[in-house]
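Below is one structure, written out as structure tokens; the observations come after it.
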Amino acid sequence: MNDLLQFAVIGFSTGAVYAVLGVSLVSLYVATGVINFAQGSVALWAVWQVAGLRTNGVLVLPVGSVQLGSGPMDVWPAVLIGAAGGLLWSLLAHLLVFRPLRRAPELGQVVASVGVMLFIQALVPLRFDTETLGADPSSLIPLPALTSEVVTFGGTTIAVSNLILAAAAIAVALALAGYFRFTRMGIATRAGAEDEQALRLMGYSPDRLAAFMWGATGFASGLIVILAAPAIGGLDPTSYMLYVVPALAVALVGRLTSIGVACGAGLALGSVQQILLFLTAKSWWPSWAQAGIGDAIPFVIVVVALFLLGRGIPERGARDTGAQQPVRVPRFKPLGIAALIAATALAIVLTTGQWRFSLVMSIILTLIAASVVLLTGYLGQISLTTMAFAGAAGFALSKLTTNLHLPFPLAMPLAALTATALGIVVGVPALRIRGAQLAVATIAAALAIQSFVFNNPALTPYTGNLIAEPSLFGFSLAVRQGTDLITLQFSFMVLVVVAALLIAVARLLSGATGRAFLAVRSNERAAAAAGVNVPAVKLLGFALASFLAGIGGCLIGYSHGQLSSASFTVLVGLAVLATTYVGDITRLSGAVLAGVAGPLGLLYLVFTQTIDLGHYYTLVVAAAMLLRVVVFAPHRSAVPEWLLIRRARRSPAQPPAAAHATESADAR
């Protein structure tokens with residue numbers, strides 16, 4: 001019992017981070033209606049900024065840097081500056097991204113949030129010397145800066161610093177809760193969540209109230225991560241970014257409205273994870289559950305919370321969202337399809353080495369991106385689990401070909417069916433929720449699969465996951481032969497498989513199934529009233545999308561000869577979503593563009609070899625996604641806002657109906 005208490009208190013350090021990030025997410029949702037996936041990335045920048053100041057006194061900015069003093073900066077000035085960095089990033093996100101997207105559909109807001117998340121994370125290793133600064137995490141906040149004291153309780157030694165972190169999280173939660181309950185601005189912010197128009201009539205600016213909350217939560221998130229970093233693992237270019245997943249879980253436990261519940265759930269989650277870490281060292285603990293079990297808990301919490309509270313999570317009142325991105329139903333044109341396949345085959349023949357390999361990877365990524373188009377673009381289900389499905393099938397293929405010795409092509413669809421089963425399980429929450437809440441569930445599922453399955457040596461050993469070479473009727477389809485990096489026969493096999501599946505998807509989406517998908521995407525209640533079985537259609541969409549992604553994962557496995565978890569991380573999945581959205585997430589032609597621009601595709605090769613800017617690839621992709629969703633979003637009027645205001649001033653007596661007709665005519 002003493003050991004359990006000790007580990008529970010140790011968990012307060014991580015739990016404090018979950019708690020503050022969670023209450024920040026709740027506060028932002030109350031103030032703006034946005035679920036901010038980039039909250040962890042904001043804190044990530046803050047902690048690295050402190051590392052730079054504490055190491056050499058350099059204030060690193062997104063562009064350029066400033067030398068503050070001749071040596072390392074003192075602890076608390078560095079901490080305040082780092083937390084202020086989180087504040088500034090949050091304000092920039094509000095002003096440049098989320099403010100223009102106030103009336104955007106949920107998909108646009110989720111994609112924008114993911115774009116900010118990727119942009120900041122990609123900027124960290126570009127602006128900071130991560131190897132040097134991360135060598136001594138204790139330089140961030142030396143233990144005496146908090147306290148080195150310990151107390152004894154019931155025979156258990158407890159570090160006071162962990163209690164201080166828990167107290168800091170509670171203080172942040174009390175401050176935010178007090179702001180919303182006892183201040184005029186806070187009460188106005190809560191009122192604006194119900195009716196923004198009424199808030200304006202009362203003389204308040206929703207933008208200013210939102211900006212205050214963005215800045216406050218950015219400062220608080222950066223501060224708590226800076227304080228807790230030495231106790232929870234030091235410095236890492238990505239880890240704090242993904243702390244947003246458990247924070248989303250505890251925010252949902254609080255129904256995205258209760259700051260106190262989210263804070264308590266965050267502290268409890270950190271303690272439970274540490275207790276599980278202690279129990280995994282016991283001899284009686286099953287070996288298959290020794291790795292990744294703690295990272296799987298947020299997904300379980302999300303599913304349970306959404307099923308128990310999903311209908312009770314409030315929507316933002318009086319939210320006038322713009323039109324969804326229009327969908328173009330694919331038309332089956334045999335001559336055009338044949339010409340495209342022939343051109344791709346000719347490109348395969350004319351290329352060699354790395355260029356042919358990247359071309360084949362672009363073809364495979366086109367299939368994976370098509371699964372995103374089907375599920376998100378056509379069905380409207382925001383899923384961030386695409387690469388998890390692909391990886392599940394790839395690792396299943398390894399087991400089927402090396403352990404059971406199943407031949408090609410039988411092993412590939414069977415492995416893809418494994419991903420299909422997983423997709424149906426992940427899709428079950430979609431029966432109760434949709435929109436940004438579903439995105440929360442799927443990113444939690446992706447992280448759980450990555451940690452508990454892909455990084456679990458009991459399931460996917462570190463020695464490698466070999467995949468037997470494919471062959472058909474004694475004819476080798478192996479990816480390599482002698483010094484040839486990628487053979488023609490393997491390349492054509494990939495082309496045939498992907499082309500056949502894309503044609504099948506196009507025919508499916510142009511028929512009755514596609515119409516059912518679009519009906520659910522447009523209005524689930526109206527679709528149900530029209531006789532569409534909405535739950536069955538949703539699960540069918542998840543099943544088909546996961547099967548397509550699974551086939552893509554199998555082809556990736558065959559192209560590498562063996563698999564590692566690095567090919568299917570959450571970041572890779574988010575990059576695939578980004579390129580698909582940039583290409584056009586509602587059209588299969590967008591999947592083709594996403595394949596060209598995706599990780600290890602042709603554009604990636606151009607960045608890494610032709611112009612030697614490979615380290616800027618993720619940053620460019622994230623920036624392109626933000627540009628696509630903010631500047632060219634379908635909800636934005638074709639007539640600039642300043643021009644509408646000018647016209648209104650010139651003709652103030654024009655009836656509203658006539659003014660609306662004029663704007664619509666101009667837009668056309």
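Identifiers in this document derive from the order of the structure tokens: chains are assigned A, B, ..., residues are numbered from 1 separately in each chain, and ligands are numbered from 1 in order of occurrence.
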
Contacts of Thr513 in chain A at 12 Å (only C-alpha atoms; same-chain gap of 3+ positions) as a PyMOL selection string: chain A and resi 329+374+378-379+505-510+516-520+532-534+536-538+540-541+544

query: Neighbours of Phe119 in chain A within 10 Å (only C-alpha atoms; same-chain residues fewer than 5 positions away dropped), as a VMD selection string?
result: chain A and resid 38 41 113 to 114 124 618 to 626

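Among the candidate residues A:Ala93, A:Ala393, A:Leu174, A:Leu459, the one lying nearest to Ser287 in chain A is A:Leu459, with distances computed using only C-alpha atoms.
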
task: Rank A:Val592, A:Leu488, A:Val151, A:Ala392 by their smallest atom-to-atom distance to Cys554 in chain A, using only C-alpha atoms, and report the top residue only.
output: A:Ala392

- request: May I have the residues within 7 Å of Ala169 in chain A as a VMD selection string, using only C-alpha atoms and disregarding those fewer than 4 positions away in the same chain?
  value: chain A and resid 16 19 to 20 165 173

query: Just asking: which residues within range 8-157 of chain A are alpha helix (DSSP H) according to DSSP, as JSON, numbers by chain?
result: {"A": [8, 9, 10, 11, 12, 13, 14, 15, 16, 17, 18, 19, 20, 21, 22, 23, 24, 25, 26, 27, 28, 29, 30, 31, 32, 39, 40, 41, 42, 43, 44, 45, 46, 47, 48, 49, 50, 51, 52, 53, 54, 55, 56, 75, 76, 77, 78, 79, 80, 81, 82, 83, 84, 85, 86, 87, 88, 89, 90, 91, 92, 93, 106, 107, 108, 109, 110, 111, 112, 113, 114, 115, 116, 117, 118, 119, 120, 121, 122, 123, 124, 125, 126, 127, 130, 131, 132, 133, 143, 144, 145, 146]}

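Distance annotation: of A:Leu68, A:Val79, A:Met213, A:Ala468, the residue with the minimal separation from Val34 in chain A is A:Met213; atom set is only C-alpha atoms.
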
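Closest approach to Phe452 in chain A among A:Leu92, A:Val58, A:Val97, A:Ala296 is made by A:Ala296 (distances from only C-alpha atoms).
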
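Taking CA of Leu96 in chain A and CA of Val66 in chain A as endpoints, the distance between them is 24.1 Å.
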
I want to know what sits within 12 Å of Gly552 in chain A, based on only C-alpha atoms, with residues of the same chain fewer than 3 positions away left out; could you give that as a short mmCIF file (atom, residue, chain, number, x, y, z; two decimals) with all heavy atoms, in the first residue's frame?
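Output contents, as saved in part01.cif:
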data_model
loop_
_atom_site.label_atom_id
_atom_site.label_comp_id
_atom_site.auth_asym_id
_atom_site.auth_seq_id
_atom_site.Cartn_x
_atom_site.Cartn_y
_atom_site.Cartn_z
N VAL A 360 6.16 4.72 -56.63
CA VAL A 360 5.34 3.62 -56.12
C VAL A 360 4.77 3.98 -54.75
O VAL A 360 3.60 3.67 -54.45
CB VAL A 360 6.18 2.33 -56.05
CG1 VAL A 360 5.42 1.21 -55.33
CG2 VAL A 360 6.55 1.87 -57.46
N MET A 361 5.55 4.62 -53.90
CA MET A 361 5.03 5.05 -52.60
C MET A 361 3.89 6.06 -52.78
O MET A 361 2.91 6.04 -52.03
CB MET A 361 6.14 5.66 -51.75
CG MET A 361 7.12 4.64 -51.19
SD MET A 361 6.34 3.39 -50.15
CE MET A 361 5.55 4.39 -48.92
N SER A 362 3.99 6.93 -53.79
CA SER A 362 2.90 7.86 -54.06
C SER A 362 1.63 7.12 -54.47
O SER A 362 0.52 7.51 -54.10
CB SER A 362 3.31 8.85 -55.16
OG SER A 362 4.28 9.76 -54.69
N ILE A 363 1.80 6.05 -55.24
CA ILE A 363 0.64 5.25 -55.64
C ILE A 363 -0.01 4.61 -54.42
O ILE A 363 -1.24 4.60 -54.27
CB ILE A 363 1.06 4.17 -56.66
CG1 ILE A 363 1.59 4.83 -57.94
CG2 ILE A 363 -0.09 3.25 -56.99
CD1 ILE A 363 2.21 3.85 -58.92
N ILE A 364 0.81 4.07 -53.51
CA ILE A 364 0.28 3.45 -52.29
C ILE A 364 -0.41 4.49 -51.42
O ILE A 364 -1.51 4.26 -50.89
CB ILE A 364 1.40 2.74 -51.51
CG1 ILE A 364 1.99 1.60 -52.35
CG2 ILE A 364 0.88 2.21 -50.19
CD1 ILE A 364 3.24 0.97 -51.73
N LEU A 365 0.23 5.65 -51.27
CA LEU A 365 -0.36 6.71 -50.44
C LEU A 365 -1.66 7.23 -51.04
O LEU A 365 -2.53 7.71 -50.32
CB LEU A 365 0.64 7.84 -50.26
CG LEU A 365 1.84 7.54 -49.36
CD1 LEU A 365 2.85 8.68 -49.41
CD2 LEU A 365 1.39 7.31 -47.93
N THR A 366 -1.79 7.16 -52.36
CA THR A 366 -3.05 7.54 -53.00
C THR A 366 -4.19 6.67 -52.50
O THR A 366 -5.30 7.15 -52.21
CB THR A 366 -2.93 7.43 -54.52
OG1 THR A 366 -1.95 8.35 -55.00
CG2 THR A 366 -4.26 7.73 -55.20
N LEU A 367 -3.93 5.38 -52.35
CA LEU A 367 -4.96 4.47 -51.84
C LEU A 367 -5.29 4.80 -50.38
O LEU A 367 -6.47 4.81 -50.00
CB LEU A 367 -4.47 3.03 -51.96
CG LEU A 367 -5.44 1.95 -51.46
CD1 LEU A 367 -6.72 1.97 -52.28
CD2 LEU A 367 -4.78 0.58 -51.52
N ILE A 368 -4.27 5.07 -49.58
CA ILE A 368 -4.52 5.41 -48.17
C ILE A 368 -5.28 6.73 -48.08
O ILE A 368 -6.22 6.87 -47.27
CB ILE A 368 -3.19 5.47 -47.40
CG1 ILE A 368 -2.54 4.08 -47.38
CG2 ILE A 368 -3.41 5.97 -45.98
CD1 ILE A 368 -1.18 4.04 -46.72
N ALA A 369 -4.90 7.70 -48.92
CA ALA A 369 -5.62 8.98 -48.92
C ALA A 369 -7.05 8.81 -49.40
O ALA A 369 -7.96 9.52 -48.94
CB ALA A 369 -4.88 9.99 -49.80
N ALA A 370 -7.28 7.86 -50.30
CA ALA A 370 -8.65 7.59 -50.76
C ALA A 370 -9.53 7.13 -49.62
O ALA A 370 -10.75 7.41 -49.59
CB ALA A 370 -8.63 6.56 -51.88
N SER A 371 -8.95 6.42 -48.65
CA SER A 371 -9.74 6.01 -47.49
C SER A 371 -10.16 7.22 -46.67
O SER A 371 -11.26 7.24 -46.09
CB SER A 371 -8.92 5.02 -46.63
OG SER A 371 -7.88 5.68 -45.92
N THR A 386 -6.09 6.85 -39.64
CA THR A 386 -5.82 6.19 -40.92
C THR A 386 -4.56 5.34 -40.89
O THR A 386 -4.58 4.16 -41.28
CB THR A 386 -5.71 7.24 -42.04
OG1 THR A 386 -6.92 8.01 -42.07
CG2 THR A 386 -5.49 6.58 -43.38
N MET A 387 -3.45 5.91 -40.44
CA MET A 387 -2.20 5.16 -40.46
C MET A 387 -2.17 4.06 -39.41
O MET A 387 -1.43 3.08 -39.54
CB MET A 387 -1.01 6.11 -40.26
CG MET A 387 -0.79 7.06 -41.43
SD MET A 387 -0.72 6.26 -43.06
CE MET A 387 0.79 5.30 -42.92
N ALA A 388 -2.99 4.18 -38.37
CA ALA A 388 -3.10 3.09 -37.40
C ALA A 388 -3.74 1.88 -38.06
O ALA A 388 -3.32 0.73 -37.83
CB ALA A 388 -3.92 3.54 -36.19
N PHE A 389 -4.76 2.10 -38.89
CA PHE A 389 -5.36 1.00 -39.64
C PHE A 389 -4.34 0.37 -40.59
O PHE A 389 -4.24 -0.86 -40.69
CB PHE A 389 -6.56 1.49 -40.44
CG PHE A 389 -7.69 2.02 -39.61
CD1 PHE A 389 -8.54 3.00 -40.09
CD2 PHE A 389 -7.91 1.53 -38.33
CE1 PHE A 389 -9.58 3.48 -39.34
CE2 PHE A 389 -8.96 2.01 -37.55
CZ PHE A 389 -9.79 3.00 -38.06
N ALA A 390 -3.59 1.23 -41.29
CA ALA A 390 -2.58 0.72 -42.21
C ALA A 390 -1.53 -0.09 -41.47
O ALA A 390 -1.12 -1.17 -41.93
CB ALA A 390 -1.94 1.89 -42.97
N GLY A 391 -1.08 0.41 -40.33
CA GLY A 391 -0.07 -0.32 -39.57
C GLY A 391 -0.58 -1.63 -39.02
O GLY A 391 0.15 -2.64 -39.01
N ALA A 392 -1.83 -1.66 -38.58
CA ALA A 392 -2.39 -2.91 -38.05
C ALA A 392 -2.38 -4.00 -39.12
O ALA A 392 -2.03 -5.16 -38.85
CB ALA A 392 -3.81 -2.66 -37.55
N ALA A 393 -2.77 -3.63 -40.33
CA ALA A 393 -2.75 -4.61 -41.42
C ALA A 393 -1.32 -5.02 -41.77
O ALA A 393 -1.05 -6.19 -42.06
CB ALA A 393 -3.44 -4.03 -42.65
N GLY A 394 -0.39 -4.06 -41.76
CA GLY A 394 0.99 -4.39 -42.09
C GLY A 394 1.60 -5.37 -41.10
O GLY A 394 2.26 -6.34 -41.50
N LEU A 397 0.10 -8.73 -41.57
CA LEU A 397 0.70 -9.38 -42.74
C LEU A 397 2.00 -10.07 -42.37
O LEU A 397 2.29 -11.17 -42.88
CB LEU A 397 0.94 -8.33 -43.84
CG LEU A 397 1.53 -8.86 -45.14
CD1 LEU A 397 0.51 -9.74 -45.88
CD2 LEU A 397 1.97 -7.70 -46.04
N MET A 412 -2.78 -10.80 -48.09
CA MET A 412 -3.02 -9.36 -48.06
C MET A 412 -4.47 -9.02 -47.69
O MET A 412 -4.69 -8.21 -46.77
CB MET A 412 -2.63 -8.74 -49.40
CG MET A 412 -2.61 -7.22 -49.38
SD MET A 412 -1.64 -6.50 -50.72
CE MET A 412 -2.51 -7.13 -52.15
N PRO A 413 -5.50 -9.57 -48.34
CA PRO A 413 -6.86 -9.24 -47.90
C PRO A 413 -7.18 -9.71 -46.48
O PRO A 413 -7.94 -9.06 -45.77
CB PRO A 413 -7.75 -9.93 -48.94
CG PRO A 413 -6.89 -10.95 -49.57
CD PRO A 413 -5.50 -10.42 -49.53
N ALA A 415 -5.05 -9.81 -43.99
CA ALA A 415 -4.45 -8.81 -43.11
C ALA A 415 -5.27 -7.52 -43.11
O ALA A 415 -5.46 -6.89 -42.06
CB ALA A 415 -3.02 -8.52 -43.55
N ALA A 416 -5.80 -7.15 -44.27
CA ALA A 416 -6.63 -5.95 -44.35
C ALA A 416 -7.93 -6.12 -43.57
O ALA A 416 -8.47 -5.16 -43.03
CB ALA A 416 -6.93 -5.60 -45.81
N ALA A 419 -7.46 -4.99 -40.11
CA ALA A 419 -7.65 -3.54 -40.00
C ALA A 419 -9.13 -3.18 -40.05
O ALA A 419 -9.59 -2.25 -39.38
CB ALA A 419 -6.90 -2.82 -41.11
N VAL A 494 1.72 -3.23 -57.61
CA VAL A 494 1.13 -2.16 -56.80
C VAL A 494 0.14 -1.35 -57.64
O VAL A 494 -0.98 -1.03 -57.19
CB VAL A 494 2.22 -1.25 -56.22
CG1 VAL A 494 1.62 0.00 -55.59
CG2 VAL A 494 3.06 -2.01 -55.20
N LEU A 495 0.53 -1.03 -58.86
CA LEU A 495 -0.34 -0.23 -59.73
C LEU A 495 -1.66 -0.95 -60.00
O LEU A 495 -2.74 -0.33 -59.95
CB LEU A 495 0.38 0.08 -61.04
CG LEU A 495 -0.43 0.86 -62.09
CD1 LEU A 495 -0.85 2.22 -61.54
CD2 LEU A 495 0.39 1.02 -63.38
N VAL A 497 -3.16 -3.33 -58.18
CA VAL A 497 -3.98 -3.43 -56.96
C VAL A 497 -4.63 -2.09 -56.65
O VAL A 497 -5.84 -2.02 -56.38
CB VAL A 497 -3.11 -3.91 -55.78
CG1 VAL A 497 -3.88 -3.80 -54.47
CG2 VAL A 497 -2.67 -5.35 -56.00
N VAL A 498 -3.85 -1.02 -56.68
CA VAL A 498 -4.38 0.30 -56.33
C VAL A 498 -5.41 0.76 -57.35
O VAL A 498 -6.48 1.28 -56.99
CB VAL A 498 -3.24 1.32 -56.18
CG1 VAL A 498 -3.79 2.73 -56.01
CG2 VAL A 498 -2.35 0.95 -55.01
N LEU A 501 -8.73 -1.08 -56.87
CA LEU A 501 -9.47 -0.64 -55.69
C LEU A 501 -10.03 0.78 -55.86
O LEU A 501 -11.15 1.06 -55.43
CB LEU A 501 -8.58 -0.70 -54.45
CG LEU A 501 -8.26 -2.11 -53.95
CD1 LEU A 501 -7.26 -2.06 -52.81
CD2 LEU A 501 -9.54 -2.82 -53.49
N LEU A 502 -9.28 1.66 -56.51
CA LEU A 502 -9.77 3.02 -56.72
C LEU A 502 -10.97 3.02 -57.67
O LEU A 502 -11.92 3.79 -57.49
CB LEU A 502 -8.65 3.91 -57.27
CG LEU A 502 -7.54 4.28 -56.29
CD1 LEU A 502 -6.50 5.16 -56.96
CD2 LEU A 502 -8.10 4.97 -55.06
N ALA A 545 -13.13 2.18 -45.26
CA ALA A 545 -11.93 3.03 -45.16
C ALA A 545 -10.78 2.28 -44.52
O ALA A 545 -9.62 2.38 -44.98
CB ALA A 545 -12.26 4.29 -44.37
N SER A 546 -11.06 1.53 -43.46
CA SER A 546 -9.97 0.78 -42.81
C SER A 546 -9.46 -0.35 -43.69
O SER A 546 -8.26 -0.66 -43.66
CB SER A 546 -10.46 0.24 -41.47
OG SER A 546 -11.62 -0.55 -41.63
N PHE A 547 -10.33 -0.94 -44.51
CA PHE A 547 -9.86 -1.98 -45.44
C PHE A 547 -8.93 -1.37 -46.47
O PHE A 547 -7.86 -1.95 -46.77
CB PHE A 547 -11.05 -2.64 -46.12
CG PHE A 547 -10.67 -3.76 -47.06
CD1 PHE A 547 -10.44 -5.04 -46.57
CD2 PHE A 547 -10.51 -3.53 -48.42
CE1 PHE A 547 -10.06 -6.07 -47.43
CE2 PHE A 547 -10.14 -4.55 -49.28
CZ PHE A 547 -9.91 -5.82 -48.78
N LEU A 548 -9.31 -0.24 -47.05
CA LEU A 548 -8.43 0.42 -48.03
C LEU A 548 -7.10 0.80 -47.40
O LEU A 548 -6.02 0.57 -47.99
CB LEU A 548 -9.12 1.67 -48.59
CG LEU A 548 -10.39 1.46 -49.43
CD1 LEU A 548 -11.00 2.79 -49.80
CD2 LEU A 548 -10.07 0.65 -50.68
N ALA A 549 -7.15 1.40 -46.21
CA ALA A 549 -5.90 1.76 -45.53
C ALA A 549 -5.09 0.51 -45.21
O ALA A 549 -3.85 0.53 -45.28
CB ALA A 549 -6.20 2.54 -44.26
N LEU A 555 0.87 -3.09 -48.67
CA LEU A 555 1.78 -2.74 -49.77
C LEU A 555 3.03 -2.04 -49.25
O LEU A 555 4.13 -2.25 -49.78
CB LEU A 555 1.04 -1.86 -50.78
CG LEU A 555 -0.12 -2.54 -51.54
CD1 LEU A 555 -0.85 -1.53 -52.42
CD2 LEU A 555 0.40 -3.71 -52.37
N ILE A 556 2.86 -1.19 -48.23
CA ILE A 556 4.04 -0.57 -47.61
C ILE A 556 4.93 -1.65 -47.01
O ILE A 556 6.16 -1.61 -47.12
CB ILE A 556 3.61 0.45 -46.54
CG1 ILE A 556 2.96 1.66 -47.20
CG2 ILE A 556 4.81 0.90 -45.70
CD1 ILE A 556 2.40 2.67 -46.22
N GLY A 557 4.32 -2.63 -46.35
CA GLY A 557 5.10 -3.73 -45.78
C GLY A 557 5.87 -4.50 -46.83
O GLY A 557 7.06 -4.80 -46.66
N TYR A 558 5.22 -4.83 -47.94
CA TYR A 558 5.91 -5.54 -49.02
C TYR A 558 7.04 -4.69 -49.61
O TYR A 558 8.09 -5.20 -50.01
CB TYR A 558 4.92 -5.89 -50.12
CG TYR A 558 4.12 -7.14 -49.85
CD1 TYR A 558 2.73 -7.13 -49.99
CD2 TYR A 558 4.73 -8.34 -49.48
CE1 TYR A 558 1.98 -8.28 -49.76
CE2 TYR A 558 3.99 -9.49 -49.24
CZ TYR A 558 2.62 -9.45 -49.38
OH TYR A 558 1.88 -10.59 -49.15
N SER A 559 6.83 -3.36 -49.66
CA SER A 559 7.85 -2.49 -50.26
C SER A 559 9.08 -2.35 -49.37
O SER A 559 10.17 -2.04 -49.86
CB SER A 559 7.25 -1.10 -50.53
OG SER A 559 6.99 -0.42 -49.31
N SER A 567 6.82 3.82 -39.31
CA SER A 567 6.09 4.04 -40.56
C SER A 567 4.64 4.42 -40.32
O SER A 567 3.97 4.89 -41.25
CB SER A 567 6.16 2.79 -41.43
OG SER A 567 7.49 2.43 -41.72
N PHE A 568 4.13 4.21 -39.11
CA PHE A 568 2.69 4.36 -38.89
C PHE A 568 2.39 5.17 -37.63
O PHE A 568 1.43 4.90 -36.92
CB PHE A 568 2.03 2.98 -38.78
CG PHE A 568 2.32 2.08 -39.95
CD1 PHE A 568 3.23 1.05 -39.83
CD2 PHE A 568 1.70 2.28 -41.17
CE1 PHE A 568 3.51 0.22 -40.91
CE2 PHE A 568 1.96 1.46 -42.25
CZ PHE A 568 2.87 0.43 -42.12
N GLY A 595 -1.27 11.63 -52.59
CA GLY A 595 -0.25 10.61 -52.78
C GLY A 595 1.06 11.19 -53.28
O GLY A 595 2.15 10.80 -52.83
#

field: Distance query Ile275 in chain A at most 9 Å, only C-alpha atoms, self and fewer than 5 positions along chain excluded, as a PyMOL selection string
entry: chain A and resi 3-8+11+270+280

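For the choices A:Thr55, A:Ala530, A:Ser258, A:Ser358, the atom-to-atom distance to Arg181 in chain A is smallest for A:Ser258 when using only C-alpha atoms.
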
- request: State, in Å with one decimal place, the distance from CA of Gln67 in chain A to CA of Leu53 in chain A.
  value: 8.9 Å

Select from range 101-130 of chain A every residue with an atom at most 10 Å from any atom of range 228-249 of chain A, then for each give the shortest pair of atoms and their distance in Å to one decimal, using only C-alpha atoms, rows by chain and rising number, as CSV.
residue,atom,partner,partner_atom,distance
A:Met117,CA,A:Met241,CA,7.4
A:Leu118,CA,A:Met241,CA,8.9
A:Ile120,CA,A:Met241,CA,9.1
A:Gln121,CA,A:Thr238,CA,6.6
A:Ala122,CA,A:Pro237,CA,8.6
A:Leu123,CA,A:Pro237,CA,9.6
A:Val124,CA,A:Pro237,CA,6.7
A:Pro125,CA,A:Pro237,CA,6.5
A:Phe128,CA,A:Pro237,CA,9.4
A:Thr130,CA,A:Pro237,CA,7.1

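Closest approach to Gly64 in chain A among A:Ile337, A:Ala504, A:Leu472, A:Leu126 is made by A:Leu126 (distances from only C-alpha atoms).
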
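A straight line drawn from CA of Leu277 in chain A to CA of Val50 in chain A is 29.1 Å long.
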
Under the rule of at most 7 Å, produce a per-residue listing of range 512-585 of chain A near range 423-427 of chain A: chain, number, name, the closest pair of atoms, and the distance in Å, as CSV, using only C-alpha atoms.
residue,atom,partner,partner_atom,distance
A:Leu539,CA,A:Ile424,CA,6.0
A:Phe542,CA,A:Gly423,CA,5.5
A:Ala543,CA,A:Gly423,CA,5.6
A:Ser546,CA,A:Gly423,CA,5.3
